[in-house]
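Report on one structure; see the data block that follows.
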Amino acid sequence: MKVRESRMRRVLAVSGAMAAMVLMMCAMLPCCGQNAPKLKQVSNLSSTNLKPPSDAIILFDGKNTSALVMQGSKAPCHWKVLGDGAMQVFRGNVITKQEFMDCQLHVEFKIPYMPDARGQGRGNSGVYLQGSYEVQVLDSYGLDSKDNDCGGIYKVSRPMVNACLKPGEWQSYDILFFAPRFDKSGKLVQKARLSVLQNGVWIQQNLEVPGPTTAAMPRDDLSKPGPIMLQDHGNPVEYRNIWIRPLGPTTH
Ligand code: MG
């Protein structure tokens, strides 16, 4: 009887140690750690074709690109305006002529189906606030999204959930942006902040962004208003129904 009891105790001790080790290893892995729960794909999503409120500035209505110019050259926007109310990325980033500080931005986008492409080459574009802070556009449907996936603030923050639709379906971003603030000496006193809804689902919560993200447009003075920029990353991403409500000072 004693032999059986001591064998049982030994088995329990070994199992306990193994369980503790598995838990410890699991906590060390980014996919299992408490701070990085696996993201579930949200379904039943929609919020495209949202009508602009009466006080919104229309940046693209499906036909007219006069609110946009090419980034760098400031030449008229030459992205392809398609017959169905969309325009398609074509040879260069576009920026708005008007510049903004704090704002509410609505953008609809459609990612092409690119089954042979991988990772960052799969339907990549991006929406930059103040020309500096990118909300990533990418085919990330069904993925355990990272900070460089769709809905991520590029390399700063992954979305709280994966609210992506499949490539070929229209999606939307509704972004609330608060520009960074600087004191008279030029010292940053309040970082840029972003809240984002993707397809009507909250994916970024008042997120502080330390500085311009990768491939931001060059800007001399980050304290000044900046344009909205849409990125050309070499993929034929489409955009439509883009409008903005400035919440702070703007220039014309
Ligand atoms: Mg991008």
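The chains in the structure tokens are called A, B, ... from first to last as shown; in each chain the residues are counted from 1, and the ligands are counted from 1 in the order shown.
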For Ser140 (chain A), find every residue with an atom within 8 Å (counting only C-alpha atoms), except residues of its own chain fewer than 6 positions away, and show them as a PDB file with C-alpha atoms, in the first residue's frame.
```pdb
ATOM      1  CA  ASP A 149      -1.853  43.885 -40.958  1.00  0.00           C
ATOM      2  CA  CYS A 150      -5.093  45.516 -42.039  1.00  0.00           C
ATOM      3  CA  CYS A 164     -11.620  42.395 -42.159  1.00  0.00           C
TER       4      CYS A 164
END
```
Kindly assemble as a Markdown table a list of the chain A residues that lie within 9 Å of ligand 1, each paired with its nearest atom pair and their distance in Å to one decimal, using only C-alpha atoms and all ligand atoms, sorted first by chain and then by ascending residue number.
```
| residue | atom | partner | partner_atom_place_in_ligand_line | distance |
| --- | --- | --- | --- | --- |
| A:Gln120 | CA | ligand 1 | 1 (Mg) | 7.8 |
| A:Gly123 | CA | ligand 1 | 1 (Mg) | 8.7 |
| A:Asn124 | CA | ligand 1 | 1 (Mg) | 5.0 |
| A:Ser125 | CA | ligand 1 | 1 (Mg) | 4.0 |
| A:Gly126 | CA | ligand 1 | 1 (Mg) | 4.1 |
| A:Val127 | CA | ligand 1 | 1 (Mg) | 7.6 |
| A:Glu134 | CA | ligand 1 | 1 (Mg) | 7.1 |
| A:Val135 | CA | ligand 1 | 1 (Mg) | 7.6 |
| A:Gln136 | CA | ligand 1 | 1 (Mg) | 4.8 |
| A:Val137 | CA | ligand 1 | 1 (Mg) | 5.5 |
| A:Leu138 | CA | ligand 1 | 1 (Mg) | 6.9 |
| A:Asn148 | CA | ligand 1 | 1 (Mg) | 8.0 |
| A:Asp149 | CA | ligand 1 | 1 (Mg) | 8.6 |
| A:Cys150 | CA | ligand 1 | 1 (Mg) | 8.4 |
| A:Tyr154 | CA | ligand 1 | 1 (Mg) | 7.5 |
| A:Thr214 | CA | ligand 1 | 1 (Mg) | 8.7 |
| A:Ala215 | CA | ligand 1 | 1 (Mg) | 8.3 |
| A:Leu230 | CA | ligand 1 | 1 (Mg) | 8.9 |
| A:Gln231 | CA | ligand 1 | 1 (Mg) | 6.4 |
| A:Asp232 | CA | ligand 1 | 1 (Mg) | 7.9 |
| A:His233 | CA | ligand 1 | 1 (Mg) | 6.4 |
```
*Can you pull out every residue within 7 Å of region 189-200 of chain A, counting only C-alpha atoms, but drop anything in the same chain fewer than 4 positions away, and send it as a ChimeraX atom specification?*
/A:45-47,151,163,171-183,204-210
Keeping only C-alpha atoms, write the selected residues as a tab-separated table (two decimals), in the first residue's frame.
```tsv
chain	number	residue	atom	x	y	z
A	45	LEU	CA	-19.90	43.12	-40.89
A	46	SER	CA	-21.08	46.10	-42.92
A	47	SER	CA	-20.82	49.88	-42.87
A	151	GLY	CA	-6.48	47.70	-39.25
A	163	ALA	CA	-12.79	42.97	-38.56
A	171	GLN	CA	-14.81	47.73	-46.49
A	172	SER	CA	-14.75	50.93	-44.48
A	173	TYR	CA	-12.63	52.80	-41.99
A	174	ASP	CA	-14.07	55.45	-39.71
A	175	ILE	CA	-11.15	57.17	-38.05
A	176	LEU	CA	-11.10	59.70	-35.25
A	177	PHE	CA	-7.74	61.45	-35.31
A	178	PHE	CA	-6.21	63.90	-32.87
A	179	ALA	CA	-3.05	65.55	-34.14
A	180	PRO	CA	0.05	65.71	-31.94
A	181	ARG	CA	0.61	68.90	-29.96
A	182	PHE	CA	3.91	70.67	-29.38
A	183	ASP	CA	4.88	73.47	-26.99
A	204	GLN	CA	-8.14	50.85	-32.26
A	205	GLN	CA	-8.90	52.61	-29.00
A	206	ASN	CA	-7.53	56.15	-28.58
A	207	LEU	CA	-4.12	54.86	-29.49
A	208	GLU	CA	-1.06	57.07	-28.98
A	209	VAL	CA	1.37	57.04	-31.89
A	210	PRO	CA	4.91	58.09	-30.94
```
*Kindly indicate which residue among A:Glu99, A:Glu169, A:Asp221, A:Asp84 lies nearest to Lys63 (chain A), using only C-alpha atoms for the distances.*
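Closest to Lys63 (chain A) of all the choices is A:Asp84.
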*For Pro236 (chain A), please output as a ChimeraX atom specification all residues within 12 Å (counting only C-alpha atoms; exclusion window: fewer than 2 positions along the same chain).*
/A:79-80,82,86-92,109-114,121-125,137-138,167-168,231-234,238-239
Now that the selection is made, can you save its residues with N, CA and C atoms as a PDB file, in the first residue's frame?
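Okay, this is what ended up in out_9.pdb:
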```pdb
ATOM      1  N   TRP A  79      -5.008  58.837 -60.495  1.00  0.00           N
ATOM      2  CA  TRP A  79      -5.515  57.492 -60.211  1.00  0.00           C
ATOM      3  C   TRP A  79      -6.699  57.216 -61.138  1.00  0.00           C
ATOM      4  N   LYS A  80      -6.900  55.932 -61.461  1.00  0.00           N
ATOM      5  CA  LYS A  80      -7.934  55.568 -62.428  1.00  0.00           C
ATOM      6  C   LYS A  80      -9.321  55.673 -61.802  1.00  0.00           C
ATOM      7  N   LEU A  82     -12.881  54.624 -61.982  1.00  0.00           N
ATOM      8  CA  LEU A  82     -13.600  53.526 -62.630  1.00  0.00           C
ATOM      9  C   LEU A  82     -15.073  53.924 -62.781  1.00  0.00           C
ATOM     10  N   ALA A  86     -15.668  54.167 -58.040  1.00  0.00           N
ATOM     11  CA  ALA A  86     -14.419  53.914 -57.314  1.00  0.00           C
ATOM     12  C   ALA A  86     -13.240  54.489 -58.094  1.00  0.00           C
ATOM     13  N   MET A  87     -12.127  54.675 -57.411  1.00  0.00           N
ATOM     14  CA  MET A  87     -10.874  54.983 -58.105  1.00  0.00           C
ATOM     15  C   MET A  87      -9.832  53.962 -57.641  1.00  0.00           C
ATOM     16  N   GLN A  88      -8.871  53.727 -58.532  1.00  0.00           N
ATOM     17  CA  GLN A  88      -7.903  52.657 -58.279  1.00  0.00           C
ATOM     18  C   GLN A  88      -6.495  53.239 -58.178  1.00  0.00           C
ATOM     19  N   VAL A  89      -5.740  52.731 -57.242  1.00  0.00           N
ATOM     20  CA  VAL A  89      -4.343  53.149 -57.061  1.00  0.00           C
ATOM     21  C   VAL A  89      -3.597  53.041 -58.392  1.00  0.00           C
ATOM     22  N   PHE A  90      -2.844  54.092 -58.727  1.00  0.00           N
ATOM     23  CA  PHE A  90      -2.097  54.060 -59.988  1.00  0.00           C
ATOM     24  C   PHE A  90      -0.909  55.007 -59.913  1.00  0.00           C
ATOM     25  N   ARG A  91       0.264  54.460 -59.834  1.00  0.00           N
ATOM     26  CA  ARG A  91       1.534  55.195 -59.961  1.00  0.00           C
ATOM     27  C   ARG A  91       1.651  56.425 -59.069  1.00  0.00           C
ATOM     28  N   GLY A  92       1.751  56.188 -57.792  1.00  0.00           N
ATOM     29  CA  GLY A  92       2.037  57.277 -56.848  1.00  0.00           C
ATOM     30  C   GLY A  92       0.989  57.417 -55.757  1.00  0.00           C
ATOM     31  N   PHE A 109     -12.728  51.075 -48.992  1.00  0.00           N
ATOM     32  CA  PHE A 109     -11.659  50.496 -49.805  1.00  0.00           C
ATOM     33  C   PHE A 109     -11.987  49.054 -50.179  1.00  0.00           C
ATOM     34  N   LYS A 110     -11.441  48.654 -51.322  1.00  0.00           N
ATOM     35  CA  LYS A 110     -11.624  47.271 -51.786  1.00  0.00           C
ATOM     36  C   LYS A 110     -10.265  46.700 -52.149  1.00  0.00           C
ATOM     37  N   ILE A 111      -9.949  45.602 -51.515  1.00  0.00           N
ATOM     38  CA  ILE A 111      -8.648  44.968 -51.723  1.00  0.00           C
ATOM     39  C   ILE A 111      -8.787  43.911 -52.818  1.00  0.00           C
ATOM     40  N   PRO A 112      -7.887  43.910 -53.806  1.00  0.00           N
ATOM     41  CA  PRO A 112      -8.004  42.915 -54.876  1.00  0.00           C
ATOM     42  C   PRO A 112      -7.658  41.511 -54.371  1.00  0.00           C
ATOM     43  N   TYR A 113      -8.214  40.515 -55.017  1.00  0.00           N
ATOM     44  CA  TYR A 113      -7.888  39.124 -54.689  1.00  0.00           C
ATOM     45  C   TYR A 113      -6.567  38.783 -55.369  1.00  0.00           C
ATOM     46  N   MET A 114      -5.557  38.530 -54.596  1.00  0.00           N
ATOM     47  CA  MET A 114      -4.211  38.257 -55.135  1.00  0.00           C
ATOM     48  C   MET A 114      -3.688  36.952 -54.534  1.00  0.00           C
ATOM     49  N   GLY A 121       2.687  41.976 -49.671  1.00  0.00           N
ATOM     50  CA  GLY A 121       2.476  42.172 -51.111  1.00  0.00           C
ATOM     51  C   GLY A 121       1.053  41.864 -51.539  1.00  0.00           C
ATOM     52  N   ARG A 122       0.194  41.618 -50.566  1.00  0.00           N
ATOM     53  CA  ARG A 122      -1.158  41.139 -50.879  1.00  0.00           C
ATOM     54  C   ARG A 122      -2.198  42.239 -50.611  1.00  0.00           C
ATOM     55  N   GLY A 123      -2.389  43.079 -51.636  1.00  0.00           N
ATOM     56  CA  GLY A 123      -3.417  44.126 -51.516  1.00  0.00           C
ATOM     57  C   GLY A 123      -3.018  45.235 -50.572  1.00  0.00           C
ATOM     58  N   ASN A 124      -1.761  45.648 -50.625  1.00  0.00           N
ATOM     59  CA  ASN A 124      -1.254  46.663 -49.690  1.00  0.00           C
ATOM     60  C   ASN A 124      -1.575  48.081 -50.177  1.00  0.00           C
ATOM     61  N   SER A 125      -2.056  48.888 -49.281  1.00  0.00           N
ATOM     62  CA  SER A 125      -2.189  50.332 -49.465  1.00  0.00           C
ATOM     63  C   SER A 125      -2.199  50.907 -48.046  1.00  0.00           C
ATOM     64  N   VAL A 137      -3.822  49.164 -44.923  1.00  0.00           N
ATOM     65  CA  VAL A 137      -4.796  48.489 -45.789  1.00  0.00           C
ATOM     66  C   VAL A 137      -4.068  47.287 -46.379  1.00  0.00           C
ATOM     67  N   LEU A 138      -4.642  46.099 -46.192  1.00  0.00           N
ATOM     68  CA  LEU A 138      -3.972  44.866 -46.635  1.00  0.00           C
ATOM     69  C   LEU A 138      -4.997  43.735 -46.615  1.00  0.00           C
ATOM     70  N   PRO A 167     -11.051  39.798 -49.605  1.00  0.00           N
ATOM     71  CA  PRO A 167     -10.683  40.636 -50.745  1.00  0.00           C
ATOM     72  C   PRO A 167     -11.813  40.615 -51.771  1.00  0.00           C
ATOM     73  N   GLY A 168     -11.993  41.752 -52.450  1.00  0.00           N
ATOM     74  CA  GLY A 168     -13.086  41.852 -53.428  1.00  0.00           C
ATOM     75  C   GLY A 168     -14.355  42.417 -52.823  1.00  0.00           C
ATOM     76  N   GLN A 231      -1.989  55.520 -49.974  1.00  0.00           N
ATOM     77  CA  GLN A 231      -0.704  54.968 -50.397  1.00  0.00           C
ATOM     78  C   GLN A 231      -0.795  54.107 -51.652  1.00  0.00           C
ATOM     79  N   ASP A 232       0.184  54.307 -52.535  1.00  0.00           N
ATOM     80  CA  ASP A 232       0.409  53.364 -53.638  1.00  0.00           C
ATOM     81  C   ASP A 232       1.514  52.413 -53.190  1.00  0.00           C
ATOM     82  N   HIS A 233       1.143  51.148 -52.986  1.00  0.00           N
ATOM     83  CA  HIS A 233       2.145  50.136 -52.629  1.00  0.00           C
ATOM     84  C   HIS A 233       2.255  49.109 -53.762  1.00  0.00           C
ATOM     85  N   GLY A 234       1.872  49.560 -54.974  1.00  0.00           N
ATOM     86  CA  GLY A 234       2.024  48.704 -56.149  1.00  0.00           C
ATOM     87  C   GLY A 234       0.879  47.730 -56.377  1.00  0.00           C
ATOM     88  N   GLU A 238      -8.751  49.699 -54.517  1.00  0.00           N
ATOM     89  CA  GLU A 238      -9.724  50.725 -54.926  1.00  0.00           C
ATOM     90  C   GLU A 238     -10.256  51.477 -53.703  1.00  0.00           C
ATOM     91  N   TYR A 239     -10.639  52.727 -53.951  1.00  0.00           N
ATOM     92  CA  TYR A 239     -11.225  53.583 -52.900  1.00  0.00           C
ATOM     93  C   TYR A 239     -12.502  54.224 -53.421  1.00  0.00           C
TER      94      TYR A 239
END
```
*Would you please give, as a ChimeraX atom specification, all residues of region 8-188 of chain A that DSSP assigns to strand (DSSP E or B) based on the backbone?*
/A:41,57-60,68-70,76,80-81,87-88,94-96,99-100,103-110,125-129,133-137,153,157,162,170-178,181-182,188
Please produce an output containing C-alpha atoms for each residue in the selection, written as a tab-separated table (two decimals), in the first residue's frame.
```
chain	number	residue	atom	x	y	z
A	41	GLN	CA	-12.37	36.85	-37.10
A	57	ILE	CA	-16.02	67.83	-46.78
A	58	ILE	CA	-16.21	65.41	-49.72
A	59	LEU	CA	-12.76	64.21	-50.70
A	60	PHE	CA	-13.92	61.73	-53.37
A	68	LEU	CA	-6.68	65.30	-54.55
A	69	VAL	CA	-3.21	65.73	-56.02
A	70	MET	CA	-0.22	63.44	-56.46
A	76	PRO	CA	-3.57	66.55	-60.60
A	80	LYS	CA	-7.93	55.57	-62.43
A	81	VAL	CA	-11.54	56.63	-61.90
A	87	MET	CA	-10.87	54.98	-58.11
A	88	GLN	CA	-7.90	52.66	-58.28
A	94	VAL	CA	-2.32	60.80	-53.56
A	95	ILE	CA	-2.86	63.51	-50.96
A	96	THR	CA	-5.69	65.92	-50.26
A	99	GLU	CA	-4.70	70.00	-44.83
A	100	PHE	CA	-6.15	68.97	-41.49
A	103	CYS	CA	-10.65	65.09	-37.84
A	104	GLN	CA	-13.20	62.36	-38.39
A	105	LEU	CA	-12.47	60.50	-41.64
A	106	HIS	CA	-14.58	57.98	-43.55
A	107	VAL	CA	-12.87	55.92	-46.27
A	108	GLU	CA	-14.11	52.88	-48.19
A	109	PHE	CA	-11.66	50.50	-49.81
A	110	LYS	CA	-11.62	47.27	-51.79
A	125	SER	CA	-2.19	50.33	-49.46
A	126	GLY	CA	-2.78	52.63	-46.52
A	127	VAL	CA	-4.60	55.66	-45.15
A	128	TYR	CA	-2.26	58.23	-43.62
A	129	LEU	CA	-3.57	60.88	-41.24
A	133	TYR	CA	0.29	58.04	-39.41
A	134	GLU	CA	-0.76	54.97	-41.39
A	135	VAL	CA	-3.82	52.84	-40.83
A	136	GLN	CA	-2.76	49.81	-42.86
A	137	VAL	CA	-4.80	48.49	-45.79
A	153	ILE	CA	-1.41	51.34	-37.02
A	157	SER	CA	-0.50	48.60	-32.79
A	162	ASN	CA	-9.87	41.12	-36.94
A	170	TRP	CA	-15.99	46.80	-49.99
A	171	GLN	CA	-14.81	47.73	-46.49
A	172	SER	CA	-14.75	50.93	-44.48
A	173	TYR	CA	-12.63	52.80	-41.99
A	174	ASP	CA	-14.07	55.45	-39.71
A	175	ILE	CA	-11.15	57.17	-38.05
A	176	LEU	CA	-11.10	59.70	-35.25
A	177	PHE	CA	-7.74	61.45	-35.31
A	178	PHE	CA	-6.21	63.90	-32.87
A	181	ARG	CA	0.61	68.90	-29.96
A	182	PHE	CA	3.91	70.67	-29.38
A	188	LEU	CA	6.12	67.11	-28.18
```
*In Å to one decimal, how far is CA of Asn49 (chain A) from CA of Pro246 (chain A)?*
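So the answer is 20.0 Å.
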*Point out the residue among A:Val237, A:Pro227, A:Gln130, A:Val201 with the least atom-to-atom distance to Thr213 (chain A), counting only C-alpha atoms.*
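Using only C-alpha atoms, Thr213 (chain A) sits closest to A:Gln130.
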*Tell me, in Å to one decimal, how far CA of Met229 (chain A) is from CA of Lys146 (chain A).*
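Between CA of Met229 (chain A) and CA of Lys146 (chain A) the gap works out to 22.1 Å.
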*Please measure the separation of CA of Arg118 (chain A) and CA of Lys166 (chain A), giving the value in Å to one decimal.*
14.9 Å
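Checking A:Arg219, A:Lys224, A:Arg158, A:Lys38 one by one against Asp102 (chain A), counting only C-alpha atoms, you find the shortest gap at A:Lys224.
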